Amino acid sequence: MAGNSFGEAFRFTTWGESHGPEIGCVVDGVPPLIPLSAEELQVWLDRRKPGQSRYTTQRKEPDRVQIVSGVFEGQTTGTPIALVIENKDQRSKDYGDIADKFRPGHADYTYWQKYGIRDPRGGGRSSARETAMRVAAGGVARKVLSHILGDKLTIRGCLVQMGPHAIERDSFDWAEVDKNPFFSPDAKAAESWATYLDAVRKKGSSCGAVIEVVASGVPAGLGEPVYDKLDADLAKAMMSINAVKAVEIGAGFESAVLSGEENADEMRIGEDGAARFLSNKAGGVLGGLSTGQDLVVRATAASSAGSRAMTGGAKSTAAVVRPIGPEDYERLAELLLECLQDRPDPPEVFLPDVLGALKDYGSAASPSFEGLFAEVGGPHGRRKGVERHPVGFALYSPVFWPADLAPGLFVKELYVQPAYRSQKLGQALMAALARIAAQRRWKRLFLGVETSNEQAVTFYERLPGVKRVAGELFAVQGDDLLDLADML
């Protein structure tokens with residue numbers, strides 16, 4: 001697998017996967033006798049590390065970097081510098097449901113096509129986890145630049161747009177960047193983004209964003225025409241970051257609507273005899289060489305489709321419905337928490353109560369729950385056979401509860417992950433429940449649902465023979481129960 005290195009005179013190579021034991025990089029081309037410590041690199045990694053707000057991935061990684069070569073007694077030796085970070089929070093089981101699915105907008109499909117195998121745990125090598133090592137290598141690069149240029153160079157980044165909502169340029173303030181979870185230079189924009197993103201997350205969706213990087217104090221003349229232009233190298237670097245789909249330098253795409261006069265960066269001779277630019281539409285680069293002005297680069301990160309948008313699979317197999325056993329409680333807990341988060345108003349089912357009732361089933365405790373899992377499966381990589389994993393469940397009471405209703409089986413909760421709802425797994429669970437009721441000679445199946453849960457209400461209303469008998473209660477009985485049992 002080529003393409004894991006970047007740079008020429010200063011070059012770094014990254015390695016590792018999202019859920020491997022470690023990630024790392026090797027940095028070459030660093031001059032000797034430059035003071036360097038892991039603590040100096042850690043400052044930048046701490047700014048990047050995940051789980052610092054509810055708006056980022058909740059993976060908890062300390063991202064403690066270790067320098068394992070190229071530094072002796074606190075100084076670089078001129079030899080390759082190796083950096084390593086241990087992965088601590090690899091929750092590979094979180095990805096069991098997508099092991100046989102291709103996520104739209106991700107590299108799953110293309111990796112499968114190119115290599116014939118892929119690591120579904122967090123995307124493997126295609127994961128944004130790789131960028132931690134870019135940050136570590138960037139920390140080394142900053143030390144080299146400081147060694148060469150002193151304090152003249154300043155490199156800063158910020159978020160200037162989230163979804164359709166851009167900052168107000170008149171409110172741009174670098175001092176605000178570290179005061180909000182979005183690294184926004186506009187305090188008011190950060191507040192509005194919080195509200196906007198909460199709404200996006202509640203829908204189970206995501207949004208894109210635009211990041212701006214500005215380097216001040218850059219000497220004139222950096223870059224090599226024609227094929228190693230400075231802006232070409234910057235664009236390649238930015239485009240290699242996961243999810244980045246567009247890059248612009250200076251005015252960028254806006255240049256298409258500017259007149260020649262508007263887009264031109266006119267120059268005047270200053271009192272010291274040096275040229276002065278009146279604007280910076282070119283973003284600090286002309287002819288592939290730096291002008292000495294601020295380098296201004298923006299990158300657009302596309303929104304992630306996520307698991308809710310999955311529509312295709314890798315040879316997925318038919319669903320299987322089976323009883324939930326004690327060994328399944330951990331997976332049931334995960335799905336139940338998903339169910340709670342998926343609702344506009346959390347249902348009156350609490351995890352400890354449900355798990356306790358399942359474990360106590362058969363004892364004197366009453367009422368209790370039994371449960372069913374809906375499973376799908378498919379081949380993993382090139383291994384033979386099928387591995388199944390639960391993607392939906394039903395919880396029901398086999399006793400006469402509530403007591404004021406006629407005897408029947410009461411379905412307290414039914415949930416299928418959004419990505420699998422097109423596969424009729426909800427119908428499969430309902431058919432299995434109807435068969436259980438029929439086998440126990442109970443002629444009614446009661447379905448409890450919150451009226452605020454519009455998706456569930458619509459689902460039940462479309463099932464054959466199901467009728468609303470109260471505001472939050474549906475039922476199917478008699479011959480309709482038998483028809484439902486034979487539905488799938």
# chains A, B, ... in the order shown; residues from 1 in each chain; ligands from 1
$ residues_around --residues "Ala166 (chain A)" --least-positions-apart "2" --cutoff "12 Å" --atoms "only C-alpha atoms" --output "mmCIF file with C-alpha atoms, in the first residue's frame"
data_model
loop_
_atom_site.group_PDB
_atom_site.id
_atom_site.type_symbol
_atom_site.label_atom_id
_atom_site.label_comp_id
_atom_site.auth_asym_id
_atom_site.auth_seq_id
_atom_site.Cartn_x
_atom_site.Cartn_y
_atom_site.Cartn_z
ATOM 1 C CA CYS A 158 -10.392 28.011 12.684
ATOM 2 C CA LEU A 159 -13.851 26.923 11.569
ATOM 3 C CA VAL A 160 -15.513 29.553 9.388
ATOM 4 C CA GLN A 161 -18.669 27.750 8.262
ATOM 5 C CA MET A 162 -20.906 24.952 9.514
ATOM 6 C CA GLY A 163 -23.478 23.654 7.081
ATOM 7 C CA PRO A 164 -25.016 26.739 5.416
ATOM 8 C CA GLU A 168 -19.508 37.235 9.997
ATOM 9 C CA ARG A 169 -16.124 38.397 8.748
ATOM 10 C CA ASP A 170 -16.538 41.703 10.575
ATOM 11 C CA SER A 171 -16.690 39.706 13.834
ATOM 12 C CA PHE A 172 -13.529 37.688 13.131
ATOM 13 C CA SER A 184 -14.868 29.592 15.777
ATOM 14 C CA PRO A 185 -13.420 33.127 15.502
ATOM 15 C CA ASP A 186 -16.977 34.501 15.731
ATOM 16 C CA ALA A 187 -18.561 34.105 19.189
ATOM 17 C CA LYS A 188 -22.127 34.628 17.964
ATOM 18 C CA ALA A 189 -21.661 32.108 15.166
ATOM 19 C CA ALA A 190 -20.477 29.530 17.707
ATOM 20 C CA SER A 192 -25.892 29.558 16.656
ATOM 21 C CA TRP A 193 -23.886 26.540 15.509
ATOM 22 C CA GLY A 208 -20.268 19.653 6.512
ATOM 23 C CA ALA A 209 -17.962 22.504 7.444
ATOM 24 C CA VAL A 210 -15.288 24.845 6.110
ATOM 25 C CA ILE A 211 -11.919 25.173 7.873
ATOM 26 C CA GLU A 212 -9.587 28.110 7.293
#
$ closest_residue --among "A:Ser279, A:Ser290, A:Thr300, A:Thr131" --to "Val213 (chain A)" --atoms "only C-alpha atoms"
A:Thr300
$ residues_around --residues "Arg298 (chain A)" --least-positions-apart "4" --cutoff "12 Å" --atoms "only C-alpha atoms" --output "PyMOL selection string"
chain A and resi 156-161+209-215+231+234-235+237-239+244-253+283
$ closest_residue --among "A:Arg268, A:Arg103, A:Arg129, A:Arg322" --to "Arg388 (chain A)" --atoms "only C-alpha atoms"
A:Arg322
$ select_by_dssp --residues "region 98-264 of chain A" --states "helix (DSSP H, G or I)" --output "PyMOL selection string"
chain A and resi 98+108-115+124-126+128-149+169-171+174-179+187-202+230-239+252-257+260-263
$ atom_distance --atom1 "CA of Val135 (chain A)" --atom2 "CA of Thr154 (chain A)"
16.0 Å
$ decode --residues "region 234-301 of chain A" --atoms "C-alpha atoms" --output "PDB file, in the first residue's frame"
ATOM      1  CA  LEU A 234      -0.968  22.763   0.064  1.00  0.00           C
ATOM      2  CA  ALA A 235      -4.006  21.562  -1.865  1.00  0.00           C
ATOM      3  CA  LYS A 236      -2.668  18.004  -1.936  1.00  0.00           C
ATOM      4  CA  ALA A 237      -1.994  18.080   1.788  1.00  0.00           C
ATOM      5  CA  MET A 238      -5.494  19.316   2.562  1.00  0.00           C
ATOM      6  CA  MET A 239      -7.224  16.971   0.127  1.00  0.00           C
ATOM      7  CA  SER A 240      -5.493  13.996   1.735  1.00  0.00           C
ATOM      8  CA  ILE A 241      -7.366  14.704   4.995  1.00  0.00           C
ATOM      9  CA  ASN A 242     -10.397  12.462   5.487  1.00  0.00           C
ATOM     10  CA  ALA A 243     -13.715  13.932   4.288  1.00  0.00           C
ATOM     11  CA  VAL A 244     -12.125  16.973   2.591  1.00  0.00           C
ATOM     12  CA  LYS A 245     -13.710  17.380  -0.857  1.00  0.00           C
ATOM     13  CA  ALA A 246     -12.691  20.898  -1.860  1.00  0.00           C
ATOM     14  CA  VAL A 247      -9.773  23.268  -1.258  1.00  0.00           C
ATOM     15  CA  GLU A 248      -9.396  26.932  -2.125  1.00  0.00           C
ATOM     16  CA  ILE A 249      -6.495  29.340  -1.871  1.00  0.00           C
ATOM     17  CA  GLY A 250      -7.278  33.000  -1.179  1.00  0.00           C
ATOM     18  CA  ALA A 251     -10.503  34.041  -2.880  1.00  0.00           C
ATOM     19  CA  GLY A 252     -10.720  30.533  -4.311  1.00  0.00           C
ATOM     20  CA  PHE A 253     -14.063  29.695  -5.892  1.00  0.00           C
ATOM     21  CA  GLU A 254     -15.204  33.279  -5.484  1.00  0.00           C
ATOM     22  CA  SER A 255     -12.623  34.222  -8.121  1.00  0.00           C
ATOM     23  CA  ALA A 256     -15.003  32.930 -10.778  1.00  0.00           C
ATOM     24  CA  VAL A 257     -17.423  35.807 -10.141  1.00  0.00           C
ATOM     25  CA  LEU A 258     -14.849  38.564  -9.588  1.00  0.00           C
ATOM     26  CA  SER A 259     -13.823  40.889 -12.372  1.00  0.00           C
ATOM     27  CA  GLY A 260     -10.187  41.186 -13.316  1.00  0.00           C
ATOM     28  CA  GLU A 261      -9.950  44.462 -11.449  1.00  0.00           C
ATOM     29  CA  GLU A 262     -11.588  43.015  -8.333  1.00  0.00           C
ATOM     30  CA  ASN A 263      -9.410  39.916  -8.325  1.00  0.00           C
ATOM     31  CA  ALA A 264      -6.115  41.691  -8.938  1.00  0.00           C
ATOM     32  CA  ASP A 265      -3.869  42.279  -5.928  1.00  0.00           C
ATOM     33  CA  GLU A 266      -2.446  45.674  -6.820  1.00  0.00           C
ATOM     34  CA  MET A 267       0.949  46.700  -5.497  1.00  0.00           C
ATOM     35  CA  ARG A 268       2.528  49.949  -4.392  1.00  0.00           C
ATOM     36  CA  ILE A 269       6.060  50.825  -3.411  1.00  0.00           C
ATOM     37  CA  GLY A 270       6.377  51.601   0.278  1.00  0.00           C
ATOM     38  CA  GLU A 271       8.569  54.231   1.886  1.00  0.00           C
ATOM     39  CA  ASP A 272      11.221  51.588   2.462  1.00  0.00           C
ATOM     40  CA  GLY A 273      11.292  50.779  -1.250  1.00  0.00           C
ATOM     41  CA  ALA A 274       9.603  47.381  -0.817  1.00  0.00           C
ATOM     42  CA  ALA A 275       6.455  46.297  -2.650  1.00  0.00           C
ATOM     43  CA  ARG A 276       3.181  46.450  -0.736  1.00  0.00           C
ATOM     44  CA  PHE A 277       0.038  44.545  -1.768  1.00  0.00           C
ATOM     45  CA  LEU A 278      -3.302  46.337  -1.454  1.00  0.00           C
ATOM     46  CA  SER A 279      -5.280  43.065  -1.165  1.00  0.00           C
ATOM     47  CA  ASN A 280      -4.729  39.319  -0.949  1.00  0.00           C
ATOM     48  CA  LYS A 281      -7.178  37.620  -3.286  1.00  0.00           C
ATOM     49  CA  ALA A 282      -4.377  35.264  -4.354  1.00  0.00           C
ATOM     50  CA  GLY A 283      -4.038  33.953  -0.814  1.00  0.00           C
ATOM     51  CA  GLY A 284      -0.315  34.642  -0.610  1.00  0.00           C
ATOM     52  CA  VAL A 285       0.695  32.634  -3.687  1.00  0.00           C
ATOM     53  CA  LEU A 286       1.433  33.801  -7.254  1.00  0.00           C
ATOM     54  CA  GLY A 287       2.807  31.498  -9.894  1.00  0.00           C
ATOM     55  CA  GLY A 288       3.180  28.797  -7.293  1.00  0.00           C
ATOM     56  CA  LEU A 289       5.546  30.912  -5.165  1.00  0.00           C
ATOM     57  CA  SER A 290       4.813  32.640  -1.860  1.00  0.00           C
ATOM     58  CA  THR A 291       4.433  36.434  -2.035  1.00  0.00           C
ATOM     59  CA  GLY A 292       5.304  37.130   1.584  1.00  0.00           C
ATOM     60  CA  GLN A 293       1.670  37.884   2.407  1.00  0.00           C
ATOM     61  CA  ASP A 294      -0.512  35.675   4.601  1.00  0.00           C
ATOM     62  CA  LEU A 295      -1.017  32.202   3.173  1.00  0.00           C
ATOM     63  CA  VAL A 296      -4.790  31.608   3.284  1.00  0.00           C
ATOM     64  CA  VAL A 297      -6.157  28.103   2.683  1.00  0.00           C
ATOM     65  CA  ARG A 298      -9.703  26.834   3.162  1.00  0.00           C
ATOM     66  CA  ALA A 299     -10.847  23.222   3.064  1.00  0.00           C
ATOM     67  CA  THR A 300     -14.405  21.930   2.873  1.00  0.00           C
ATOM     68  CA  ALA A 301     -15.152  18.789   4.871  1.00  0.00           C
TER      69      ALA A 301
END
